[in-house]
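For reference, the structure is listed below as structure tokens.
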Amino acid sequence: MERFRQRFKSNEDSLDIGQLLQNTLGIGAALILFSLILVTCVDVVGRYFFSSPLSGAFEITELLLAALVFAALPLTTERKEHIEVDLINVVLRGPSQRYLSAFAGLFSAALLATFAWRLAAHAFSAAQDGAVTNALNIPLAPFGYLAAFSCLVSAFIAFTRGIEPPRDFDQDVRDDNA
């Protein structure tokens, strides 16, 4: 366990959530993307050269794309790479920007937590009903649980940004543009 902690520590002797996410979800997202490439290549080669497409390639692609989006969601939230429209921040300065940033983080956290709750409820229902894909009979519940967990992790990250927004907003913007 100590070796695990040492691997993910930042320079300040605290757990670096960004590095942890990169080493888990980042690698997972890369593997999912590689799987998507592999499925597509096998399907195209099979379809055009052997007149035998990959059975269920469409379903596999759908599920892998959903998994990719939700695996990358916490990474995107942690890196502050969501699309933002700063219409109000242009006219606000100083503490007002900080309060608006805190509100945005807390609002995002509430929205993501709501998504997590609804996705978990839907996944639980799919698990009880035994919902599977049409052609390959792949269970859908694990993908719903992945989506719910991803939204929950993203909500936690957004919540921490909401309760501790940047102190010097202009400095934070300059650092992001560098």
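Just remember, in the structure tokens the first chain shown is A, the second B, etc., residues are 1-based per chain, and ligands are 1-based in the order shown.
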Skipping near chain neighbours, those fewer than 4 positions away, what residues fall within 7 Å of stretch 52-55 of chain A using only C-alpha atoms, listed as a ChimeraX atom specification? /A:42-44,46-47
Could you tell me, as a PyMOL selection string, which residues of stretch 21-153 of chain A DSSP assigns to helix (DSSP H, G or I) when given the backbone? chain A and resi 21-49+57-78+95-129+141-153
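Every protein, DNA or RNA residue with an atom at most 7 Å from A:Ala113, where only C-alpha atoms count and chain neighbours fewer than 5 positions away do not, is listed here: Cys151, Leu152 and Ala155 of chain A.
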Write the residues of the preceding selection, restricted to C-alpha atoms, as a PDB file, in the first residue's frame.
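That gives us selection.pdb:
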ATOM      1  CA  CYS A 151     -20.604  11.019 -12.867  1.00  0.00           C
ATOM      2  CA  LEU A 152     -20.186  10.584  -9.111  1.00  0.00           C
ATOM      3  CA  ALA A 155     -19.409  15.493  -9.100  1.00  0.00           C
TER       4      ALA A 155
END
Which of chain A end up as strand (DSSP E or B) when DSSP is run on this backbone - answer as a VMD selection string? chain A and resid 9 15 132 139
Limited to all heavy atoms, could you put the picked residues into a file as an mmCIF file, in the first residue's frame?
data_model
loop_
_atom_site.group_PDB
_atom_site.id
_atom_site.type_symbol
_atom_site.label_atom_id
_atom_site.label_comp_id
_atom_site.auth_asym_id
_atom_site.auth_seq_id
_atom_site.Cartn_x
_atom_site.Cartn_y
_atom_site.Cartn_z
ATOM 1 N N LYS A 9 1.805 10.325 -5.112
ATOM 2 C CA LYS A 9 1.973 11.531 -4.307
ATOM 3 C C LYS A 9 2.474 12.668 -5.189
ATOM 4 O O LYS A 9 3.279 12.483 -6.080
ATOM 5 C CB LYS A 9 2.959 11.295 -3.174
ATOM 6 C CG LYS A 9 2.348 10.534 -2.051
ATOM 7 C CD LYS A 9 3.020 10.874 -0.778
ATOM 8 C CE LYS A 9 2.306 10.082 0.305
ATOM 9 N NZ LYS A 9 2.279 10.718 1.524
ATOM 10 N N LEU A 15 -2.100 13.287 -1.850
ATOM 11 C CA LEU A 15 -2.504 12.453 -2.964
ATOM 12 C C LEU A 15 -2.869 13.336 -4.148
ATOM 13 O O LEU A 15 -3.704 14.226 -4.031
ATOM 14 C CB LEU A 15 -3.707 11.592 -2.543
ATOM 15 C CG LEU A 15 -4.141 10.517 -3.509
ATOM 16 C CD1 LEU A 15 -3.019 9.498 -3.699
ATOM 17 C CD2 LEU A 15 -5.369 9.814 -2.987
ATOM 18 N N VAL A 132 -30.262 -6.738 -22.001
ATOM 19 C CA VAL A 132 -29.079 -7.065 -22.788
ATOM 20 C C VAL A 132 -29.202 -6.442 -24.165
ATOM 21 O O VAL A 132 -30.279 -6.000 -24.562
ATOM 22 C CB VAL A 132 -28.897 -8.599 -22.921
ATOM 23 C CG1 VAL A 132 -28.613 -9.238 -21.578
ATOM 24 C CG2 VAL A 132 -30.103 -9.239 -23.576
ATOM 25 N N PRO A 139 -24.858 -7.758 -21.324
ATOM 26 C CA PRO A 139 -25.623 -7.068 -20.277
ATOM 27 C C PRO A 139 -25.353 -5.562 -20.281
ATOM 28 O O PRO A 139 -24.208 -5.122 -20.434
ATOM 29 C CB PRO A 139 -25.120 -7.690 -18.976
ATOM 30 C CG PRO A 139 -24.403 -8.927 -19.371
ATOM 31 C CD PRO A 139 -23.943 -8.753 -20.778
#
